[in-house]
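Raw input01.pdb, PDB, C-alpha atoms:
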ATOM      1  CA  GLN A   6      45.985  43.072 161.059  1.00  0.00           C
ATOM      2  CA  LEU A   7      46.443  39.417 161.900  1.00  0.00           C
ATOM      3  CA  GLN A   8      43.748  38.279 164.305  1.00  0.00           C
ATOM      4  CA  LEU A   9      42.124  35.145 165.696  1.00  0.00           C
ATOM      5  CA  VAL A  10      38.860  35.399 167.610  1.00  0.00           C
ATOM      6  CA  GLU A  11      37.355  32.493 169.517  1.00  0.00           C
ATOM      7  CA  SER A  12      33.699  32.058 170.394  1.00  0.00           C
ATOM      8  CA  GLY A  13      31.240  29.402 171.457  1.00  0.00           C
ATOM      9  CA  GLY A  14      32.282  28.693 175.011  1.00  0.00           C
ATOM     10  CA  GLY A  15      29.821  28.389 177.849  1.00  0.00           C
ATOM     11  CA  LEU A  16      28.560  26.425 180.813  1.00  0.00           C
ATOM     12  CA  VAL A  17      27.366  22.887 180.145  1.00  0.00           C
ATOM     13  CA  GLN A  18      26.714  19.724 182.093  1.00  0.00           C
ATOM     14  CA  PRO A  19      28.836  16.584 181.808  1.00  0.00           C
ATOM     15  CA  GLY A  20      27.984  14.621 178.690  1.00  0.00           C
ATOM     16  CA  GLU A  21      26.794  17.620 176.745  1.00  0.00           C
ATOM     17  CA  SER A  22      28.373  19.193 173.671  1.00  0.00           C
ATOM     18  CA  LEU A  23      29.754  22.544 172.553  1.00  0.00           C
ATOM     19  CA  ARG A  24      31.164  23.818 169.297  1.00  0.00           C
ATOM     20  CA  LEU A  25      33.909  26.409 169.424  1.00  0.00           C
ATOM     21  CA  SER A  26      34.776  28.675 166.518  1.00  0.00           C
ATOM     22  CA  CYS A  27      38.026  30.443 165.680  1.00  0.00           C
ATOM     23  CA  ALA A  28      37.582  33.221 163.135  1.00  0.00           C
ATOM     24  CA  ALA A  29      40.763  34.407 161.429  1.00  0.00           C
ATOM     25  CA  SER A  30      41.679  37.509 159.510  1.00  0.00           C
ATOM     26  CA  GLY A  31      44.739  39.332 158.249  1.00  0.00           C
ATOM     27  CA  PHE A  32      46.718  36.441 156.773  1.00  0.00           C
ATOM     28  CA  SER A  33      46.510  33.699 154.165  1.00  0.00           C
ATOM     29  CA  PHE A  34      44.340  31.434 156.259  1.00  0.00           C
ATOM     30  CA  ASP A  35      44.484  28.433 153.949  1.00  0.00           C
ATOM     31  CA  SER A  36      48.298  28.353 154.120  1.00  0.00           C
ATOM     32  CA  TYR A  37      48.658  27.632 157.833  1.00  0.00           C
ATOM     33  CA  SER A  38      47.889  24.918 160.312  1.00  0.00           C
ATOM     34  CA  ILE A  39      45.742  26.007 163.223  1.00  0.00           C
ATOM     35  CA  ALA A  40      45.648  24.487 166.681  1.00  0.00           C
ATOM     36  CA  TRP A  41      43.377  24.618 169.686  1.00  0.00           C
ATOM     37  CA  PHE A  42      44.967  24.834 173.117  1.00  0.00           C
ATOM     38  CA  ARG A  43      43.419  24.912 176.552  1.00  0.00           C
ATOM     39  CA  GLN A  44      44.539  25.970 179.983  1.00  0.00           C
ATOM     40  CA  ALA A  45      42.819  25.227 183.253  1.00  0.00           C
ATOM     41  CA  PRO A  46      43.578  27.173 186.453  1.00  0.00           C
ATOM     42  CA  GLY A  47      46.812  25.986 187.994  1.00  0.00           C
ATOM     43  CA  LYS A  48      47.637  23.718 185.080  1.00  0.00           C
ATOM     44  CA  GLU A  49      49.951  23.961 182.110  1.00  0.00           C
ATOM     45  CA  ARG A  50      48.667  24.834 178.692  1.00  0.00           C
ATOM     46  CA  GLU A  51      47.660  21.724 176.772  1.00  0.00           C
ATOM     47  CA  LYS A  52      47.589  21.349 173.025  1.00  0.00           C
ATOM     48  CA  VAL A  53      44.188  19.869 172.244  1.00  0.00           C
ATOM     49  CA  SER A  54      44.084  19.483 168.482  1.00  0.00           C
ATOM     50  CA  THR A  55      45.726  20.608 165.259  1.00  0.00           C
ATOM     51  CA  ILE A  56      44.433  20.774 161.712  1.00  0.00           C
ATOM     52  CA  SER A  57      46.511  21.104 158.571  1.00  0.00           C
ATOM     53  CA  ALA A  58      46.188  24.071 156.228  1.00  0.00           C
ATOM     54  CA  SER A  59      43.998  22.181 153.781  1.00  0.00           C
ATOM     55  CA  GLY A  60      42.089  20.401 156.529  1.00  0.00           C
ATOM     56  CA  ASP A  61      42.974  16.920 155.310  1.00  0.00           C
ATOM     57  CA  ARG A  62      44.971  15.969 158.396  1.00  0.00           C
ATOM     58  CA  THR A  63      44.179  16.309 162.066  1.00  0.00           C
ATOM     59  CA  ASN A  64      45.797  15.436 165.356  1.00  0.00           C
ATOM     60  CA  TYR A  65      44.373  15.131 168.879  1.00  0.00           C
ATOM     61  CA  ALA A  66      45.600  14.901 172.433  1.00  0.00           C
ATOM     62  CA  ASP A  67      44.903  11.529 173.985  1.00  0.00           C
ATOM     63  CA  SER A  68      42.680  13.217 176.556  1.00  0.00           C
ATOM     64  CA  VAL A  69      40.157  14.273 173.884  1.00  0.00           C
ATOM     65  CA  LYS A  70      40.602  11.656 171.194  1.00  0.00           C
ATOM     66  CA  GLY A  71      37.271  10.179 170.149  1.00  0.00           C
ATOM     67  CA  ARG A  72      35.296  13.011 171.748  1.00  0.00           C
ATOM     68  CA  PHE A  73      36.521  16.165 170.009  1.00  0.00           C
ATOM     69  CA  THR A  74      36.564  16.886 166.284  1.00  0.00           C
ATOM     70  CA  ILE A  75      38.495  19.712 164.660  1.00  0.00           C
ATOM     71  CA  SER A  76      37.507  21.041 161.255  1.00  0.00           C
ATOM     72  CA  ARG A  77      37.972  24.133 159.132  1.00  0.00           C
ATOM     73  CA  ASP A  78      36.145  26.053 156.451  1.00  0.00           C
ATOM     74  CA  ASN A  79      38.768  27.907 154.437  1.00  0.00           C
ATOM     75  CA  ALA A  80      36.079  29.798 152.543  1.00  0.00           C
ATOM     76  CA  LYS A  81      34.978  31.292 155.870  1.00  0.00           C
ATOM     77  CA  ASN A  82      38.470  31.572 157.409  1.00  0.00           C
ATOM     78  CA  THR A  83      37.203  29.640 160.404  1.00  0.00           C
ATOM     79  CA  VAL A  84      38.330  26.622 162.410  1.00  0.00           C
ATOM     80  CA  TYR A  85      35.879  24.724 164.576  1.00  0.00           C
ATOM     81  CA  LEU A  86      36.228  22.422 167.560  1.00  0.00           C
ATOM     82  CA  LEU A  87      33.238  20.180 168.186  1.00  0.00           C
ATOM     83  CA  MET A  88      33.390  18.862 171.721  1.00  0.00           C
ATOM     84  CA  ASN A  89      31.147  15.934 172.565  1.00  0.00           C
ATOM     85  CA  SER A  90      30.747  13.962 175.797  1.00  0.00           C
ATOM     86  CA  LEU A  91      32.254  16.798 177.774  1.00  0.00           C
ATOM     87  CA  LYS A  92      33.793  15.990 181.132  1.00  0.00           C
ATOM     88  CA  ILE A  93      34.412  18.147 184.167  1.00  0.00           C
ATOM     89  CA  GLU A  94      38.131  17.940 183.451  1.00  0.00           C
ATOM     90  CA  ASP A  95      37.561  19.646 180.083  1.00  0.00           C
ATOM     91  CA  THR A  96      36.897  22.884 181.951  1.00  0.00           C
ATOM     92  CA  ALA A  97      39.435  25.449 180.742  1.00  0.00           C
ATOM     93  CA  VAL A  98      39.996  28.527 178.649  1.00  0.00           C
ATOM     94  CA  TYR A  99      40.266  27.408 175.043  1.00  0.00           C
ATOM     95  CA  SER A 100      42.391  29.393 172.604  1.00  0.00           C
ATOM     96  CA  CYS A 101      43.284  28.983 168.968  1.00  0.00           C
ATOM     97  CA  ALA A 102      46.622  29.872 167.426  1.00  0.00           C
ATOM     98  CA  LYS A 103      48.291  29.898 164.048  1.00  0.00           C
ATOM     99  CA  CYS A 104      51.414  27.913 163.279  1.00  0.00           C
ATOM    100  CA  ARG A 105      54.398  30.259 162.807  1.00  0.00           C
ATOM    101  CA  SER A 106      55.533  28.432 159.706  1.00  0.00           C
ATOM    102  CA  ARG A 107      53.784  26.728 156.825  1.00  0.00           C
ATOM    103  CA  ALA A 108      54.744  23.312 158.176  1.00  0.00           C
ATOM    104  CA  SER A 109      52.223  20.903 159.607  1.00  0.00           C
ATOM    105  CA  CYS A 110      53.004  21.860 163.206  1.00  0.00           C
ATOM    106  CA  PHE A 111      51.381  18.674 164.465  1.00  0.00           C
ATOM    107  CA  TYR A 112      54.188  17.968 166.902  1.00  0.00           C
ATOM    108  CA  ILE A 113      55.206  21.547 167.596  1.00  0.00           C
ATOM    109  CA  PRO A 114      54.651  22.952 171.099  1.00  0.00           C
ATOM    110  CA  ALA A 115      52.917  26.216 171.887  1.00  0.00           C
ATOM    111  CA  SER A 116      56.080  28.197 171.230  1.00  0.00           C
ATOM    112  CA  GLY A 117      55.740  27.324 167.568  1.00  0.00           C
ATOM    113  CA  PHE A 118      52.401  29.122 167.310  1.00  0.00           C
ATOM    114  CA  ASP A 119      51.517  32.799 167.210  1.00  0.00           C
ATOM    115  CA  SER A 120      48.568  35.141 166.828  1.00  0.00           C
ATOM    116  CA  TRP A 121      46.784  33.765 169.863  1.00  0.00           C
ATOM    117  CA  GLY A 122      43.157  34.649 170.338  1.00  0.00           C
ATOM    118  CA  GLN A 123      41.763  35.967 173.612  1.00  0.00           C
ATOM    119  CA  GLY A 124      40.278  32.600 174.511  1.00  0.00           C
ATOM    120  CA  THR A 125      36.793  31.380 175.331  1.00  0.00           C
ATOM    121  CA  GLN A 126      35.810  29.848 178.653  1.00  0.00           C
ATOM    122  CA  VAL A 127      34.388  26.332 178.703  1.00  0.00           C
ATOM    123  CA  THR A 128      32.955  25.203 182.018  1.00  0.00           C
ATOM    124  CA  VAL A 129      31.634  21.703 182.513  1.00  0.00           C
ATOM    125  CA  SER A 130      29.777  21.337 185.774  1.00  0.00           C
ATOM    126  CA  SER A 131      26.851  19.421 187.203  1.00  0.00           C
TER     127      SER A 131
END

Just give me the structure as structure tokens.
Amino acid sequence: QLQLVESGGGLVQPGESLRLSCAASGFSFDSYSIAWFRQAPGKEREKVSTISASGDRTNYADSVKGRFTISRDNAKNTVYLLMNSLKIEDTAVYSCAKCRSRASCFYIPASGFDSWGQGTQVTVSS
């Protein structure tokens, strides 16, 4: 059964850090790009970052560039999102998803991803 499970969210103050994890099972993990998305109340879903199947290429939204780092451990079937210098506007539910195809999916919108996890809440508040 194909599954993605996020963890690591929580409540932090501005400027602090969190590391999210996305644990995968049920498919050939090292064959697919994985992306992190986020959605805040009343806002559209935003693609935050994507990592290639091998982990050698990454892509970030301008809103998080320089603060967030995506990585993956294919031996553990896990993708991580390290979030530094968190801002109040980073508050959202963060979800990971698998690219539908074996392409890079760097410039593919959410419709090109499947197997969404349940999401993990990140709240940044003073």

Starting from the displayed file, determine the output of the PyMOL selection byres ((chain A and resi 99-105) around 6) and express the residue list as a list in words.
Ser38, Ile39, Ala40, Trp41, Phe42, Arg43, Val98, Ser106, Gly117, Phe118, Asp119, Ser120, Trp121, Gly122, Gly124 and Thr125 of chain A

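Across the model, the gap from CA of Ser54 in chain A to CA of Ser12 in chain A is 16.4 Å.
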
Just checking: using all atoms listed in the file, which residue out of A:Thr74, A:Gly20, A:Ser59, A:Cys27 ends up closest to Gln123 in chain A?
A:Cys27

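With only C-alpha atoms as the atoms that count, the minimum distance from Glu94 in chain A to the choices A:Ala58, A:Ile75, A:Val127, A:Leu23 is reached by A:Val127.
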
Calculated over all atoms listed in the file, which of the candidates A:Ile113, A:Ala66, A:Ala28, A:Ala97 has the smallest distance to Gln8 in chain A?
A:Ala28

Counting all atoms listed in the file, the residue among A:Ser33, A:Glu11, A:Phe111, A:Thr128 that lies closest to Ala80 in chain A is A:Ser33

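In terms of minimum interatomic distance to Gly15 in chain A, A:Thr96 ranks closest within A:Asn89, A:Thr96, A:Thr63, A:Thr83, counting only C-alpha atoms.
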
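The space separating CA of Pro46 in chain A from CA of Asn64 in chain A comes to 24.2 Å.
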
With N, CA, C and O atoms retained, output range 10-40 of chain A as an mmCIF file, in the first residue's frame.
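Listed below is the output, result19.cif:
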data_model
loop_
_atom_site.group_PDB
_atom_site.id
_atom_site.type_symbol
_atom_site.label_atom_id
_atom_site.label_comp_id
_atom_site.auth_asym_id
_atom_site.auth_seq_id
_atom_site.Cartn_x
_atom_site.Cartn_y
_atom_site.Cartn_z
ATOM 1 N N VAL A 10 3.728 9.551 5.134
ATOM 2 C CA VAL A 10 3.326 9.986 6.463
ATOM 3 C C VAL A 10 4.257 11.096 6.933
ATOM 4 O O VAL A 10 5.464 10.884 7.063
ATOM 5 N N GLU A 11 3.673 12.270 7.180
ATOM 6 C CA GLU A 11 4.461 13.401 7.644
ATOM 7 C C GLU A 11 4.498 13.452 9.166
ATOM 8 O O GLU A 11 3.571 13.001 9.847
ATOM 9 N N SER A 12 5.570 14.032 9.680
ATOM 10 C CA SER A 12 5.698 14.260 11.117
ATOM 11 C C SER A 12 6.660 15.413 11.352
ATOM 12 O O SER A 12 7.345 15.852 10.424
ATOM 13 N N GLY A 13 6.685 15.887 12.589
ATOM 14 C CA GLY A 13 7.652 16.912 12.955
ATOM 15 C C GLY A 13 7.104 18.315 13.113
ATOM 16 O O GLY A 13 7.835 19.231 13.488
ATOM 17 N N GLY A 14 5.839 18.502 12.819
ATOM 18 C CA GLY A 14 5.262 19.827 12.975
ATOM 19 C C GLY A 14 5.128 20.208 14.437
ATOM 20 O O GLY A 14 5.365 19.398 15.339
ATOM 21 N N GLY A 15 4.767 21.453 14.670
ATOM 22 C CA GLY A 15 4.597 21.915 16.042
ATOM 23 C C GLY A 15 4.433 23.405 16.116
ATOM 24 O O GLY A 15 4.279 24.083 15.094
ATOM 25 N N LEU A 16 4.478 23.906 17.338
ATOM 26 C CA LEU A 16 4.347 25.339 17.606
ATOM 27 C C LEU A 16 5.718 25.894 17.977
ATOM 28 O O LEU A 16 6.354 25.402 18.923
ATOM 29 N N VAL A 17 6.170 26.889 17.224
ATOM 30 C CA VAL A 17 7.457 27.509 17.493
ATOM 31 C C VAL A 17 7.320 29.023 17.424
ATOM 32 O O VAL A 17 6.330 29.541 16.904
ATOM 33 N N GLN A 18 8.333 29.702 17.921
ATOM 34 C CA GLN A 18 8.358 31.154 17.846
ATOM 35 C C GLN A 18 9.091 31.610 16.588
ATOM 36 O O GLN A 18 9.888 30.853 16.020
ATOM 37 N N PRO A 19 8.829 32.809 16.139
ATOM 38 C CA PRO A 19 9.554 33.330 14.969
ATOM 39 C C PRO A 19 11.067 33.250 15.175
ATOM 40 O O PRO A 19 11.568 33.526 16.267
ATOM 41 N N GLY A 20 11.753 32.836 14.125
ATOM 42 C CA GLY A 20 13.199 32.696 14.182
ATOM 43 C C GLY A 20 13.682 31.314 14.557
ATOM 44 O O GLY A 20 14.873 31.001 14.380
ATOM 45 N N GLU A 21 12.792 30.505 15.065
ATOM 46 C CA GLU A 21 13.182 29.148 15.451
ATOM 47 C C GLU A 21 13.143 28.207 14.250
ATOM 48 O O GLU A 21 12.810 28.602 13.129
ATOM 49 N N SER A 22 13.492 26.938 14.524
ATOM 50 C CA SER A 22 13.608 25.946 13.455
ATOM 51 C C SER A 22 12.752 24.719 13.748
ATOM 52 O O SER A 22 12.435 24.422 14.906
ATOM 53 N N LEU A 23 12.398 24.019 12.688
ATOM 54 C CA LEU A 23 11.727 22.725 12.766
ATOM 55 C C LEU A 23 12.245 21.859 11.638
ATOM 56 O O LEU A 23 12.626 22.364 10.578
ATOM 57 N N ARG A 24 12.228 20.551 11.863
ATOM 58 C CA ARG A 24 12.528 19.622 10.781
ATOM 59 C C ARG A 24 11.359 18.667 10.589
ATOM 60 O O ARG A 24 10.993 17.943 11.514
ATOM 61 N N LEU A 25 10.796 18.713 9.406
ATOM 62 C CA LEU A 25 9.695 17.817 9.054
ATOM 63 C C LEU A 25 10.244 16.561 8.393
ATOM 64 O O LEU A 25 11.259 16.604 7.706
ATOM 65 N N SER A 26 9.543 15.468 8.594
ATOM 66 C CA SER A 26 9.891 14.202 7.948
ATOM 67 C C SER A 26 8.706 13.687 7.161
ATOM 68 O O SER A 26 7.553 13.897 7.553
ATOM 69 N N CYS A 27 9.008 12.997 6.074
ATOM 70 C CA CYS A 27 7.989 12.372 5.223
ATOM 71 C C CYS A 27 8.448 10.945 4.983
ATOM 72 O O CYS A 27 9.388 10.713 4.214
ATOM 73 N N ALA A 28 7.816 10.004 5.666
ATOM 74 C CA ALA A 28 8.191 8.599 5.561
ATOM 75 C C ALA A 28 7.322 7.910 4.520
ATOM 76 O O ALA A 28 6.089 7.999 4.580
ATOM 77 N N ALA A 29 7.965 7.226 3.576
ATOM 78 C CA ALA A 29 7.253 6.621 2.456
ATOM 79 C C ALA A 29 7.306 5.103 2.520
ATOM 80 O O ALA A 29 8.255 4.519 3.049
ATOM 81 N N SER A 30 6.290 4.495 1.957
ATOM 82 C CA SER A 30 6.258 3.044 1.856
ATOM 83 C C SER A 30 5.352 2.639 0.697
ATOM 84 O O SER A 30 4.497 3.418 0.267
ATOM 85 N N GLY A 31 5.572 1.438 0.186
ATOM 86 C CA GLY A 31 4.687 0.888 -0.820
ATOM 87 C C GLY A 31 5.026 1.190 -2.261
ATOM 88 O O GLY A 31 4.248 0.855 -3.157
ATOM 89 N N PHE A 32 6.166 1.832 -2.507
ATOM 90 C CA PHE A 32 6.590 2.080 -3.887
ATOM 91 C C PHE A 32 8.110 2.200 -3.928
ATOM 92 O O PHE A 32 8.770 2.252 -2.891
ATOM 93 N N SER A 33 8.638 2.263 -5.134
ATOM 94 C CA SER A 33 10.092 2.376 -5.304
ATOM 95 C C SER A 33 10.514 3.806 -5.008
ATOM 96 O O SER A 33 10.608 4.650 -5.902
ATOM 97 N N PHE A 34 10.768 4.066 -3.768
ATOM 98 C CA PHE A 34 10.996 5.430 -3.284
ATOM 99 C C PHE A 34 12.086 6.146 -4.051
ATOM 100 O O PHE A 34 11.948 7.324 -4.401
ATOM 101 N N ASP A 35 13.172 5.462 -4.356
ATOM 102 C CA ASP A 35 14.307 6.121 -4.993
ATOM 103 C C ASP A 35 14.117 6.347 -6.490
ATOM 104 O O ASP A 35 15.060 6.750 -7.177
ATOM 105 N N SER A 36 12.908 6.112 -6.995
ATOM 106 C CA SER A 36 12.614 6.347 -8.409
ATOM 107 C C SER A 36 11.781 7.603 -8.645
ATOM 108 O O SER A 36 11.517 7.953 -9.793
ATOM 109 N N TYR A 37 11.368 8.263 -7.580
ATOM 110 C CA TYR A 37 10.415 9.369 -7.724
ATOM 111 C C TYR A 37 10.862 10.635 -6.992
ATOM 112 O O TYR A 37 11.376 10.572 -5.871
ATOM 113 N N SER A 38 10.592 11.759 -7.654
ATOM 114 C CA SER A 38 10.737 13.034 -6.969
ATOM 115 C C SER A 38 9.647 13.163 -5.914
ATOM 116 O O SER A 38 8.542 12.650 -6.084
ATOM 117 N N ILE A 39 9.983 13.870 -4.865
ATOM 118 C CA ILE A 39 9.042 14.139 -3.779
ATOM 119 C C ILE A 39 9.001 15.645 -3.539
ATOM 120 O O ILE A 39 10.030 16.321 -3.639
ATOM 121 N N ALA A 40 7.841 16.150 -3.246
ATOM 122 C CA ALA A 40 7.694 17.579 -2.986
ATOM 123 C C ALA A 40 6.981 17.821 -1.663
ATOM 124 O O ALA A 40 6.173 17.006 -1.221
#
